[in-house]
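File shown: model-v4.pdb (PDB, C-alpha atoms, pLDDT in the B column).
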ATOM      1  CA  MET A   1       9.442 217.139 149.361  1.00 55.00           C
ATOM      2  CA  GLY A   2       8.221 220.704 149.414  1.00 67.00           C
ATOM      3  CA  GLN A   3       6.266 222.113 152.320  1.00 92.00           C
ATOM      4  CA  PHE A   4       4.045 223.848 149.755  1.00 97.00           C
ATOM      5  CA  LYS A   5       2.537 222.488 146.532  1.00 97.00           C
ATOM      6  CA  ILE A   6       1.420 224.364 143.445  1.00 98.00           C
ATOM      7  CA  ASP A   7       0.181 223.452 139.987  1.00 98.00           C
ATOM      8  CA  ILE A   8       1.726 225.360 137.071  1.00 98.00           C
ATOM      9  CA  ASN A   9      -0.305 225.760 133.890  1.00 98.00           C
ATOM     10  CA  CYS A  10       0.248 227.241 130.448  1.00 98.00           C
ATOM     11  CA  ASP A  11      -2.150 228.348 127.707  1.00 97.00           C
ATOM     12  CA  VAL A  12      -1.075 226.396 124.618  1.00 97.00           C
ATOM     13  CA  GLY A  13      -2.137 225.396 121.117  1.00 97.00           C
ATOM     14  CA  GLU A  14      -2.221 229.074 120.223  1.00 96.00           C
ATOM     15  CA  GLY A  15       0.210 229.041 117.312  1.00 94.00           C
ATOM     16  CA  VAL A  16       3.439 229.746 119.198  1.00 94.00           C
ATOM     17  CA  GLY A  17       4.647 226.183 118.724  1.00 95.00           C
ATOM     18  CA  ASN A  18       6.737 225.971 121.900  1.00 96.00           C
ATOM     19  CA  GLU A  19       4.803 223.182 123.607  1.00 97.00           C
ATOM     20  CA  ALA A  20       7.591 220.593 123.299  1.00 98.00           C
ATOM     21  CA  ASP A  21       9.938 222.996 125.072  1.00 97.00           C
ATOM     22  CA  ILE A  22       7.676 224.066 127.931  1.00 97.00           C
ATOM     23  CA  PHE A  23       5.777 220.849 128.713  1.00 98.00           C
ATOM     24  CA  PRO A  24       8.622 219.288 130.768  1.00 98.00           C
ATOM     25  CA  PHE A  25       8.382 222.197 133.220  1.00 98.00           C
ATOM     26  CA  ILE A  26       4.615 222.429 133.868  1.00 98.00           C
ATOM     27  CA  SER A  27       1.930 220.236 135.396  1.00 98.00           C
ATOM     28  CA  SER A  28      -1.235 221.249 133.533  1.00 98.00           C
ATOM     29  CA  CYS A  29      -2.130 222.890 130.228  1.00 98.00           C
ATOM     30  CA  ASN A  30      -5.070 224.737 128.698  1.00 98.00           C
ATOM     31  CA  ILE A  31      -5.483 223.942 125.008  1.00 98.00           C
ATOM     32  CA  ALA A  32      -7.098 226.461 122.658  1.00 98.00           C
ATOM     33  CA  CYS A  33     -10.144 224.837 121.088  1.00 97.00           C
ATOM     34  CA  GLY A  34     -11.004 227.006 118.109  1.00 98.00           C
ATOM     35  CA  GLY A  35     -12.408 230.208 119.571  1.00 98.00           C
ATOM     36  CA  HIS A  36      -9.397 232.522 119.644  1.00 98.00           C
ATOM     37  CA  ALA A  37      -6.911 230.064 118.176  1.00 97.00           C
ATOM     38  CA  GLY A  38      -6.495 226.435 117.227  1.00 97.00           C
ATOM     39  CA  ASP A  39      -8.309 223.832 115.189  1.00 97.00           C
ATOM     40  CA  LYS A  40      -8.793 220.074 115.397  1.00 96.00           C
ATOM     41  CA  GLU A  41      -5.317 219.450 114.003  1.00 97.00           C
ATOM     42  CA  THR A  42      -3.590 221.587 116.642  1.00 98.00           C
ATOM     43  CA  MET A  43      -5.825 220.231 119.395  1.00 98.00           C
ATOM     44  CA  LEU A  44      -4.832 216.682 118.469  1.00 98.00           C
ATOM     45  CA  LYS A  45      -1.137 217.482 118.229  1.00 98.00           C
ATOM     46  CA  VAL A  46      -0.952 219.357 121.531  1.00 98.00           C
ATOM     47  CA  ALA A  47      -3.230 216.984 123.468  1.00 98.00           C
ATOM     48  CA  SER A  48      -1.169 214.006 122.322  1.00 98.00           C
ATOM     49  CA  LEU A  49       2.043 215.711 123.436  1.00 98.00           C
ATOM     50  CA  ALA A  50       0.470 216.633 126.777  1.00 98.00           C
ATOM     51  CA  LYS A  51      -0.437 212.994 127.333  1.00 98.00           C
ATOM     52  CA  LYS A  52       3.176 211.958 126.727  1.00 98.00           C
ATOM     53  CA  HIS A  53       4.264 214.423 129.398  1.00 98.00           C
ATOM     54  CA  ASN A  54       1.555 213.221 131.813  1.00 98.00           C
ATOM     55  CA  LEU A  55       0.026 216.685 132.108  1.00 98.00           C
ATOM     56  CA  LYS A  56      -3.426 217.515 133.387  1.00 98.00           C
ATOM     57  CA  VAL A  57      -5.309 218.568 130.241  1.00 98.00           C
ATOM     58  CA  GLY A  58      -7.863 221.355 130.100  1.00 98.00           C
ATOM     59  CA  SER A  59      -9.901 223.126 127.437  1.00 98.00           C
ATOM     60  CA  HIS A  60      -9.415 226.841 126.794  1.00 98.00           C
ATOM     61  CA  PRO A  61     -12.616 228.254 125.261  1.00 98.00           C
ATOM     62  CA  SER A  62     -12.918 231.874 124.205  1.00 98.00           C
ATOM     63  CA  TYR A  63     -15.028 234.418 122.462  1.00 98.00           C
ATOM     64  CA  PRO A  64     -15.128 233.219 118.814  1.00 98.00           C
ATOM     65  CA  ASP A  65     -12.774 235.999 117.723  1.00 97.00           C
ATOM     66  CA  LYS A  66      -9.531 234.898 116.097  1.00 97.00           C
ATOM     67  CA  ALA A  67      -9.033 238.371 114.605  1.00 97.00           C
ATOM     68  CA  ASN A  68      -8.470 239.834 118.081  1.00 96.00           C
ATOM     69  CA  PHE A  69      -7.083 236.625 119.657  1.00 96.00           C
ATOM     70  CA  GLY A  70     -10.044 236.648 122.051  1.00 96.00           C
ATOM     71  CA  ARG A  71      -8.594 239.608 123.919  1.00 95.00           C
ATOM     72  CA  GLU A  72     -11.372 242.096 123.146  1.00 96.00           C
ATOM     73  CA  VAL A  73     -14.890 242.032 124.619  1.00 96.00           C
ATOM     74  CA  MET A  74     -17.116 240.817 121.796  1.00 97.00           C
ATOM     75  CA  ASP A  75     -20.568 242.079 120.848  1.00 96.00           C
ATOM     76  CA  ILE A  76     -22.341 238.731 120.650  1.00 98.00           C
ATOM     77  CA  SER A  77     -25.733 237.459 121.775  1.00 98.00           C
ATOM     78  CA  ASP A  78     -25.906 235.207 124.822  1.00 98.00           C
ATOM     79  CA  GLN A  79     -27.239 232.329 122.736  1.00 98.00           C
ATOM     80  CA  ASP A  80     -24.560 232.645 120.060  1.00 98.00           C
ATOM     81  CA  LEU A  81     -21.863 232.706 122.726  1.00 98.00           C
ATOM     82  CA  ILE A  82     -23.326 229.642 124.444  1.00 98.00           C
ATOM     83  CA  GLN A  83     -23.458 227.771 121.135  1.00 98.00           C
ATOM     84  CA  SER A  84     -19.879 228.726 120.317  1.00 98.00           C
ATOM     85  CA  ILE A  85     -18.498 227.645 123.687  1.00 98.00           C
ATOM     86  CA  ARG A  86     -20.407 224.355 123.539  1.00 98.00           C
ATOM     87  CA  LYS A  87     -19.049 223.660 120.053  1.00 98.00           C
ATOM     88  CA  GLN A  88     -15.498 224.462 121.146  1.00 98.00           C
ATOM     89  CA  LEU A  89     -15.814 222.054 124.071  1.00 98.00           C
ATOM     90  CA  ALA A  90     -17.483 219.359 121.948  1.00 98.00           C
ATOM     91  CA  ASP A  91     -14.728 219.543 119.331  1.00 98.00           C
ATOM     92  CA  PHE A  92     -12.100 219.257 122.052  1.00 98.00           C
ATOM     93  CA  ASP A  93     -13.983 216.405 123.726  1.00 98.00           C
ATOM     94  CA  GLU A  94     -13.892 214.499 120.453  1.00 98.00           C
ATOM     95  CA  ILE A  95     -10.095 214.767 120.380  1.00 98.00           C
ATOM     96  CA  LEU A  96      -9.739 213.710 124.015  1.00 98.00           C
ATOM     97  CA  LYS A  97     -11.895 210.624 123.493  1.00 98.00           C
ATOM     98  CA  GLN A  98      -9.845 209.719 120.431  1.00 96.00           C
ATOM     99  CA  GLU A  99      -6.628 210.013 122.451  1.00 97.00           C
ATOM    100  CA  GLN A 100      -8.128 208.466 125.623  1.00 98.00           C
ATOM    101  CA  ILE A 101      -7.365 211.558 127.688  1.00 98.00           C
ATOM    102  CA  SER A 102      -9.494 212.710 130.633  1.00 98.00           C
ATOM    103  CA  LEU A 103     -10.617 216.321 130.749  1.00 98.00           C
ATOM    104  CA  HIS A 104      -9.188 217.797 133.945  1.00 98.00           C
ATOM    105  CA  HIS A 105     -10.390 221.405 133.771  1.00 98.00           C
ATOM    106  CA  ILE A 106     -11.906 224.251 131.787  1.00 99.00           C
ATOM    107  CA  LYS A 107     -10.348 227.706 131.715  1.00 98.00           C
ATOM    108  CA  ALA A 108     -11.810 230.596 129.759  1.00 98.00           C
ATOM    109  CA  HIS A 109      -9.447 232.712 127.677  1.00 97.00           C
ATOM    110  CA  GLY A 110      -8.639 236.399 127.504  1.00 95.00           C
ATOM    111  CA  ALA A 111     -11.529 238.850 127.569  1.00 96.00           C
ATOM    112  CA  LEU A 112     -14.045 236.099 128.393  1.00 98.00           C
ATOM    113  CA  TYR A 113     -11.989 235.130 131.455  1.00 97.00           C
ATOM    114  CA  ASN A 114     -11.590 238.721 132.596  1.00 95.00           C
ATOM    115  CA  GLN A 115     -15.232 239.721 131.985  1.00 97.00           C
ATOM    116  CA  THR A 116     -16.763 236.721 133.765  1.00 98.00           C
ATOM    117  CA  ALA A 117     -14.669 237.682 136.786  1.00 97.00           C
ATOM    118  CA  LYS A 118     -16.751 240.851 137.218  1.00 96.00           C
ATOM    119  CA  ASP A 119     -19.914 240.602 135.061  1.00 97.00           C
ATOM    120  CA  GLU A 120     -22.738 238.611 136.693  1.00 98.00           C
ATOM    121  CA  ARG A 121     -24.789 238.127 133.540  1.00 98.00           C
ATOM    122  CA  LEU A 122     -21.818 236.958 131.484  1.00 98.00           C
ATOM    123  CA  ALA A 123     -20.695 234.655 134.294  1.00 98.00           C
ATOM    124  CA  GLU A 124     -24.141 233.024 134.266  1.00 98.00           C
ATOM    125  CA  VAL A 125     -24.059 232.681 130.471  1.00 98.00           C
ATOM    126  CA  TYR A 126     -20.631 231.037 130.633  1.00 98.00           C
ATOM    127  CA  LEU A 127     -21.682 228.626 133.394  1.00 98.00           C
ATOM    128  CA  ASP A 128     -24.792 227.724 131.378  1.00 98.00           C
ATOM    129  CA  ALA A 129     -22.575 226.942 128.395  1.00 98.00           C
ATOM    130  CA  ILE A 130     -20.353 224.561 130.379  1.00 98.00           C
ATOM    131  CA  ALA A 131     -23.029 223.096 132.684  1.00 98.00           C
ATOM    132  CA  ASP A 132     -22.734 219.588 131.187  1.00 97.00           C
ATOM    133  CA  TYR A 133     -19.127 219.437 132.427  1.00 98.00           C
ATOM    134  CA  LYS A 134     -19.936 220.245 136.059  1.00 97.00           C
ATOM    135  CA  GLN A 135     -19.236 216.738 137.316  1.00 94.00           C
ATOM    136  CA  ARG A 136     -16.365 216.040 134.913  1.00 95.00           C
ATOM    137  CA  ALA A 137     -14.009 218.971 135.160  1.00 98.00           C
ATOM    138  CA  LEU A 138     -12.615 221.599 137.484  1.00 98.00           C
ATOM    139  CA  LEU A 139     -12.930 225.283 136.663  1.00 98.00           C
ATOM    140  CA  TYR A 140      -9.780 227.414 136.700  1.00 98.00           C
ATOM    141  CA  ILE A 141     -11.023 230.831 137.825  1.00 98.00           C
ATOM    142  CA  PRO A 142      -9.718 233.903 139.677  1.00 98.00           C
ATOM    143  CA  PHE A 143     -10.041 234.158 143.444  1.00 98.00           C
ATOM    144  CA  ASP A 144     -12.713 236.428 144.955  1.00 96.00           C
ATOM    145  CA  SER A 145     -14.428 236.931 141.597  1.00 97.00           C
ATOM    146  CA  VAL A 146     -18.041 236.985 140.438  1.00 98.00           C
ATOM    147  CA  ILE A 147     -17.515 233.759 138.481  1.00 98.00           C
ATOM    148  CA  ALA A 148     -16.066 232.067 141.581  1.00 98.00           C
ATOM    149  CA  ARG A 149     -19.110 232.936 143.674  1.00 98.00           C
ATOM    150  CA  LYS A 150     -21.593 231.920 140.979  1.00 98.00           C
ATOM    151  CA  ALA A 151     -19.785 228.676 140.178  1.00 98.00           C
ATOM    152  CA  LYS A 152     -19.619 227.690 143.839  1.00 97.00           C
ATOM    153  CA  GLU A 153     -23.339 228.392 144.244  1.00 97.00           C
ATOM    154  CA  GLN A 154     -24.054 226.101 141.288  1.00 97.00           C
ATOM    155  CA  GLY A 155     -21.923 223.247 142.593  1.00 97.00           C
ATOM    156  CA  PHE A 156     -18.922 223.465 140.278  1.00 98.00           C
ATOM    157  CA  ASN A 157     -15.552 222.282 141.560  1.00 98.00           C
ATOM    158  CA  LEU A 158     -13.047 225.115 141.539  1.00 98.00           C
ATOM    159  CA  TRP A 159      -9.325 225.731 141.405  1.00 98.00           C
ATOM    160  CA  PHE A 160      -8.276 229.307 141.995  1.00 98.00           C
ATOM    161  CA  GLU A 161      -5.746 230.614 139.519  1.00 98.00           C
ATOM    162  CA  ALA A 162      -3.165 233.365 139.865  1.00 98.00           C
ATOM    163  CA  PHE A 163      -0.874 234.716 137.171  1.00 98.00           C
ATOM    164  CA  ALA A 164       2.872 234.400 137.543  1.00 98.00           C
ATOM    165  CA  ASP A 165       3.715 236.630 134.577  1.00 97.00           C
ATOM    166  CA  ARG A 166       1.118 239.393 135.091  1.00 97.00           C
ATOM    167  CA  ASN A 167       0.889 242.308 137.479  1.00 97.00           C
ATOM    168  CA  TYR A 168      -2.217 242.925 139.585  1.00 98.00           C
ATOM    169  CA  ASN A 169      -4.307 245.932 140.488  1.00 96.00           C
ATOM    170  CA  ALA A 170      -5.499 246.323 144.087  1.00 95.00           C
ATOM    171  CA  ASP A 171      -8.918 244.839 143.194  1.00 94.00           C
ATOM    172  CA  LEU A 172      -7.162 241.670 141.932  1.00 95.00           C
ATOM    173  CA  SER A 173      -7.874 242.535 138.304  1.00 94.00           C
ATOM    174  CA  LEU A 174      -4.930 242.149 135.954  1.00 94.00           C
ATOM    175  CA  VAL A 175      -3.118 245.270 134.794  1.00 96.00           C
ATOM    176  CA  SER A 176      -4.261 245.876 131.227  1.00 92.00           C
ATOM    177  CA  ARG A 177      -1.977 244.596 128.492  1.00 90.00           C
ATOM    178  CA  LYS A 178      -2.119 248.117 127.101  1.00 91.00           C
ATOM    179  CA  GLU A 179       0.017 249.247 130.060  1.00 95.00           C
ATOM    180  CA  GLU A 180       3.804 248.920 130.022  1.00 94.00           C
ATOM    181  CA  ASN A 181       3.884 247.133 133.380  1.00 95.00           C
ATOM    182  CA  ALA A 182       1.242 244.515 132.518  1.00 95.00           C
ATOM    183  CA  LEU A 183       3.715 241.675 131.987  1.00 96.00           C
ATOM    184  CA  ILE A 184       6.416 240.293 134.257  1.00 97.00           C
ATOM    185  CA  THR A 185       9.108 238.822 132.035  1.00 96.00           C
ATOM    186  CA  ALA A 186      12.218 238.572 134.233  1.00 97.00           C
ATOM    187  CA  PRO A 187      12.374 235.111 135.869  1.00 98.00           C
ATOM    188  CA  GLU A 188      13.780 236.487 139.142  1.00 98.00           C
ATOM    189  CA  VAL A 189      10.912 238.980 139.401  1.00 98.00           C
ATOM    190  CA  VAL A 190       8.373 236.241 138.660  1.00 98.00           C
ATOM    191  CA  LEU A 191       9.759 234.177 141.556  1.00 98.00           C
ATOM    192  CA  LYS A 192       9.560 237.173 143.906  1.00 98.00           C
ATOM    193  CA  HIS A 193       5.970 237.727 142.698  1.00 98.00           C
ATOM    194  CA  VAL A 194       4.730 234.146 143.201  1.00 98.00           C
ATOM    195  CA  LEU A 195       6.352 233.066 146.467  1.00 98.00           C
ATOM    196  CA  PRO A 196       4.063 235.266 148.644  1.00 98.00           C
ATOM    197  CA  ILE A 197       1.069 234.020 146.639  1.00 98.00           C
ATOM    198  CA  ILE A 198       1.976 230.392 147.300  1.00 98.00           C
ATOM    199  CA  LYS A 199       3.204 230.682 150.874  1.00 97.00           C
ATOM    200  CA  ASN A 200       1.201 233.546 152.385  1.00 97.00           C
ATOM    201  CA  GLY A 201      -1.861 233.994 150.176  1.00 98.00           C
ATOM    202  CA  LYS A 202      -0.755 237.541 149.366  1.00 98.00           C
ATOM    203  CA  VAL A 203       0.067 239.434 146.173  1.00 98.00           C
ATOM    204  CA  ARG A 204       1.563 242.912 145.907  1.00 97.00           C
ATOM    205  CA  SER A 205      -0.360 245.173 143.562  1.00 97.00           C
ATOM    206  CA  VAL A 206       1.271 247.696 141.242  1.00 96.00           C
ATOM    207  CA  ASP A 207       0.282 250.377 143.770  1.00 95.00           C
ATOM    208  CA  GLY A 208       2.196 248.568 146.505  1.00 95.00           C
ATOM    209  CA  ASP A 209      -0.827 247.151 148.349  1.00 95.00           C
ATOM    210  CA  LEU A 210      -0.548 243.654 149.801  1.00 96.00           C
ATOM    211  CA  CYS A 211      -3.775 241.908 148.766  1.00 97.00           C
ATOM    212  CA  ASP A 212      -5.338 238.613 149.853  1.00 98.00           C
ATOM    213  CA  ILE A 213      -5.335 235.944 147.151  1.00 98.00           C
ATOM    214  CA  ARG A 214      -5.569 232.172 146.917  1.00 98.00           C
ATOM    215  CA  ALA A 215      -4.142 229.978 144.198  1.00 98.00           C
ATOM    216  CA  ASN A 216      -4.222 226.257 143.460  1.00 98.00           C
ATOM    217  CA  THR A 217      -2.569 226.872 140.098  1.00 98.00           C
ATOM    218  CA  LEU A 218      -0.257 229.491 138.613  1.00 98.00           C
ATOM    219  CA  CYS A 219      -0.383 230.474 134.949  1.00 98.00           C
ATOM    220  CA  ILE A 220       2.543 231.409 132.764  1.00 96.00           C
ATOM    221  CA  HIS A 221       1.221 232.413 129.347  1.00 93.00           C
ATOM    222  CA  GLY A 222       2.680 230.292 126.577  1.00 90.00           C
ATOM    223  CA  ASP A 223       3.046 233.374 124.380  1.00 88.00           C
ATOM    224  CA  THR A 224       4.990 235.397 126.956  1.00 90.00           C
ATOM    225  CA  VAL A 225       8.314 236.019 125.251  1.00 89.00           C
ATOM    226  CA  SER A 226      10.361 234.617 128.148  1.00 95.00           C
ATOM    227  CA  ALA A 227       7.961 231.782 129.068  1.00 96.00           C
ATOM    228  CA  LEU A 228      10.554 229.024 128.724  1.00 97.00           C
ATOM    229  CA  LYS A 229      13.175 230.955 130.721  1.00 98.00           C
ATOM    230  CA  ILE A 230      10.626 231.613 133.471  1.00 98.00           C
ATOM    231  CA  LEU A 231       9.563 227.984 133.650  1.00 98.00           C
ATOM    232  CA  MET A 232      13.118 226.637 133.688  1.00 98.00           C
ATOM    233  CA  TYR A 233      14.030 229.093 136.443  1.00 98.00           C
ATOM    234  CA  LEU A 234      10.976 228.239 138.558  1.00 98.00           C
ATOM    235  CA  SER A 235      11.640 224.513 138.195  1.00 97.00           C
ATOM    236  CA  LYS A 236      15.029 225.068 139.860  1.00 97.00           C
ATOM    237  CA  GLU A 237      14.174 227.782 142.359  1.00 98.00           C
ATOM    238  CA  LEU A 238      10.769 226.735 143.699  1.00 98.00           C
ATOM    239  CA  PRO A 239      12.113 223.539 145.327  1.00 97.00           C
ATOM    240  CA  LYS A 240      14.850 225.631 146.992  1.00 97.00           C
ATOM    241  CA  ASN A 241      11.995 227.620 148.543  1.00 97.00           C
ATOM    242  CA  GLN A 242      10.098 224.546 149.811  1.00 97.00           C
ATOM    243  CA  VAL A 243       7.610 224.588 146.919  1.00 98.00           C
ATOM    244  CA  GLU A 244       6.860 221.417 144.981  1.00 96.00           C
ATOM    245  CA  ILE A 245       5.320 221.549 141.500  1.00 96.00           C
ATOM    246  CA  GLN A 246       2.218 219.363 141.667  1.00 91.00           C
ATOM    247  CA  LYS A 247       2.446 216.790 138.879  1.00 84.00           C
TER
END
Could you write out this file's structure as structure tokens?
Amino acid sequence: MGQFKIDINCDVGEGVGNEADIFPFISSCNIACGGHAGDKETMLKVASLAKKHNLKVGSHPSYPDKANFGREVMDISDQDLIQSIRKQLADFDEILKQEQISLHHIKAHGALYNQTAKDERLAEVYLDAIADYKQRALLYIPFDSVIARKAKEQGFNLWFEAFADRNYNADLSLVSRKEENALITAPEVVLKHVLPIIKNGKVRSVDGDLCDIRANTLCIHGDTVSALKILMYLSKELPKNQVEIQK
């Protein structure tokens, strides 16, 4: 048994189609529910497969912006955003009830995730949209963020998330995908990146700073080109480093 435990999650149901390959190597998944990707057919297919692999299942709501894959801040009214998020979650809930799957967590996607980490008003709008799930599901959110503080104040149950395949700035924001060094794709570099996060609560920023961080779960994006290689490598190497993947 490992001295340390960590959950590993992937964003899935986004059209890549690699879920059958990656599910044996992770412990939780975040399923796109129609905002940036996915529809009821993909939700059903991926949720059913996740159940077979005994994964913790979460919803992955987004700005309703398939054209930009939810990765651009959207000009949308608070009320329209709330209605969209609630519909995404309701559609996903319908699938989970059909498949007799419990909702484990909610994790926002892309620009919505990044903006709620620093924008107080948007964080409050998002928490309003998901308020009915407060007692049912954990929130996957970044450590030391606006959304973390607001959610804790409102009584949500939280899991802090860090990114295994993304580089960090010194303020714990993710390096923009527009930058060449945004992604970490080499499995050996990913391992070197995540071990201090898991064991010491530290992450090295792109500027070389060692920053405080906490993580209950690590994300490897399902659409990262080397996602499967990373996951297979971590499944072998983490136990050698006294880290157990938390099924």
Check: Using the chain letters and numbers from the file, which residues does the PyMOL selection byres ((chain A and resi 89) around 9) grab, as a VMD selection string?
Finding: chain A and resid 33 59 to 61 84 to 88 90 to 94 106 130
Next item on the list: Mind giving me the straight-line distance from atom CA of A:Trp159 to atom CA of A:Leu172 in Å, one decimal?
Entry: 16.1 Å
Next item on the list: Find the residue from A:Asn216, A:Gln154, A:Asn114, A:Asn241 that sits nearest to A:Leu127; use all atoms listed in the file when measuring.
Entry: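 Among the listed residues, A:Gln154 lies closest to A:Leu127.
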Item checked: Residue nearest A:Ile230 - candidates A:Ser205, A:Thr185, A:Asn200, A:Gln79, atoms counted: only C-alpha atoms -> A:Thr185
Notebook entry, point to check: For A:Glu237, which residue among A:Leu218, A:Val194, A:Val225, A:Leu55 is the nearest when counting all atoms listed in the file?
Noted result: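 Residue with the minimum atom-to-atom distance to A:Glu237: A:Val194.
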Check: Written as an MDAnalysis selection string, which residues does the PyMOL selection byres ((chain A and resi 13) around 12) give for the file shown?
Finding: chainID A and resid 10:12 14:20 23 29:50 57:61 92 221:223
I need the residues from that last selection saved to file as a PDB file, keeping the file's coordinate frame (with C-alpha atoms), if you can.
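Output saved as result_9.pdb:
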ATOM      1  CA  CYS A  10       0.248 227.241 130.448  1.00 98.00           C
ATOM      2  CA  ASP A  11      -2.150 228.348 127.707  1.00 97.00           C
ATOM      3  CA  VAL A  12      -1.075 226.396 124.618  1.00 97.00           C
ATOM      4  CA  GLU A  14      -2.221 229.074 120.223  1.00 96.00           C
ATOM      5  CA  GLY A  15       0.210 229.041 117.312  1.00 94.00           C
ATOM      6  CA  VAL A  16       3.439 229.746 119.198  1.00 94.00           C
ATOM      7  CA  GLY A  17       4.647 226.183 118.724  1.00 95.00           C
ATOM      8  CA  ASN A  18       6.737 225.971 121.900  1.00 96.00           C
ATOM      9  CA  GLU A  19       4.803 223.182 123.607  1.00 97.00           C
ATOM     10  CA  ALA A  20       7.591 220.593 123.299  1.00 98.00           C
ATOM     11  CA  PHE A  23       5.777 220.849 128.713  1.00 98.00           C
ATOM     12  CA  CYS A  29      -2.130 222.890 130.228  1.00 98.00           C
ATOM     13  CA  ASN A  30      -5.070 224.737 128.698  1.00 98.00           C
ATOM     14  CA  ILE A  31      -5.483 223.942 125.008  1.00 98.00           C
ATOM     15  CA  ALA A  32      -7.098 226.461 122.658  1.00 98.00           C
ATOM     16  CA  CYS A  33     -10.144 224.837 121.088  1.00 97.00           C
ATOM     17  CA  GLY A  34     -11.004 227.006 118.109  1.00 98.00           C
ATOM     18  CA  GLY A  35     -12.408 230.208 119.571  1.00 98.00           C
ATOM     19  CA  HIS A  36      -9.397 232.522 119.644  1.00 98.00           C
ATOM     20  CA  ALA A  37      -6.911 230.064 118.176  1.00 97.00           C
ATOM     21  CA  GLY A  38      -6.495 226.435 117.227  1.00 97.00           C
ATOM     22  CA  ASP A  39      -8.309 223.832 115.189  1.00 97.00           C
ATOM     23  CA  LYS A  40      -8.793 220.074 115.397  1.00 96.00           C
ATOM     24  CA  GLU A  41      -5.317 219.450 114.003  1.00 97.00           C
ATOM     25  CA  THR A  42      -3.590 221.587 116.642  1.00 98.00           C
ATOM     26  CA  MET A  43      -5.825 220.231 119.395  1.00 98.00           C
ATOM     27  CA  LEU A  44      -4.832 216.682 118.469  1.00 98.00           C
ATOM     28  CA  LYS A  45      -1.137 217.482 118.229  1.00 98.00           C
ATOM     29  CA  VAL A  46      -0.952 219.357 121.531  1.00 98.00           C
ATOM     30  CA  ALA A  47      -3.230 216.984 123.468  1.00 98.00           C
ATOM     31  CA  SER A  48      -1.169 214.006 122.322  1.00 98.00           C
ATOM     32  CA  LEU A  49       2.043 215.711 123.436  1.00 98.00           C
ATOM     33  CA  ALA A  50       0.470 216.633 126.777  1.00 98.00           C
ATOM     34  CA  VAL A  57      -5.309 218.568 130.241  1.00 98.00           C
ATOM     35  CA  GLY A  58      -7.863 221.355 130.100  1.00 98.00           C
ATOM     36  CA  SER A  59      -9.901 223.126 127.437  1.00 98.00           C
ATOM     37  CA  HIS A  60      -9.415 226.841 126.794  1.00 98.00           C
ATOM     38  CA  PRO A  61     -12.616 228.254 125.261  1.00 98.00           C
ATOM     39  CA  PHE A  92     -12.100 219.257 122.052  1.00 98.00           C
ATOM     40  CA  HIS A 221       1.221 232.413 129.347  1.00 93.00           C
ATOM     41  CA  GLY A 222       2.680 230.292 126.577  1.00 90.00           C
ATOM     42  CA  ASP A 223       3.046 233.374 124.380  1.00 88.00           C
TER      43      ASP A 223
END
Next item on the list: For atom CA of A:Asn167 and atom CA of A:Arg214, determine how far apart the two atoms are, in Å to one decimal place.
Entry: 15.3 Å
Next item on the list: Name every residue that the PyMOL selection byres ((chain A and resi 175) around 12) selects in this structure, writing the answer as a list in words with chains first and numbers rising.
Entry: Asn114, Phe163, Asp165, Arg166, Asn167, Tyr168, Asn169, Ala170, Asp171, Leu172, Ser173, Leu174, Ser176, Arg177, Lys178, Glu179, Glu180, Asn181, Ala182, Leu183, Ile184, Ser205, Val206 and Asp207 of chain A
Let's have the selection written as a compact mmCIF listing (two decimals), keeping the file's coordinate frame, with C-alpha atoms.
# COMPACT_ATOMS: atom_id res chain seq x y z
CA ASN A 114 -11.59 238.72 132.60
CA PHE A 163 -0.87 234.72 137.17
CA ASP A 165 3.72 236.63 134.58
CA ARG A 166 1.12 239.39 135.09
CA ASN A 167 0.89 242.31 137.48
CA TYR A 168 -2.22 242.92 139.58
CA ASN A 169 -4.31 245.93 140.49
CA ALA A 170 -5.50 246.32 144.09
CA ASP A 171 -8.92 244.84 143.19
CA LEU A 172 -7.16 241.67 141.93
CA SER A 173 -7.87 242.54 138.30
CA LEU A 174 -4.93 242.15 135.95
CA SER A 176 -4.26 245.88 131.23
CA ARG A 177 -1.98 244.60 128.49
CA LYS A 178 -2.12 248.12 127.10
CA GLU A 179 0.02 249.25 130.06
CA GLU A 180 3.80 248.92 130.02
CA ASN A 181 3.88 247.13 133.38
CA ALA A 182 1.24 244.52 132.52
CA LEU A 183 3.72 241.68 131.99
CA ILE A 184 6.42 240.29 134.26
CA SER A 205 -0.36 245.17 143.56
CA VAL A 206 1.27 247.70 141.24
CA ASP A 207 0.28 250.38 143.77
Item checked: Cut-off 8 Å around (1.8, 227.5, 141.1) with only C-alpha atoms: residues as a PyMOL selection string -> chain A and resi 5-9+162+164+194+198+215-219+245
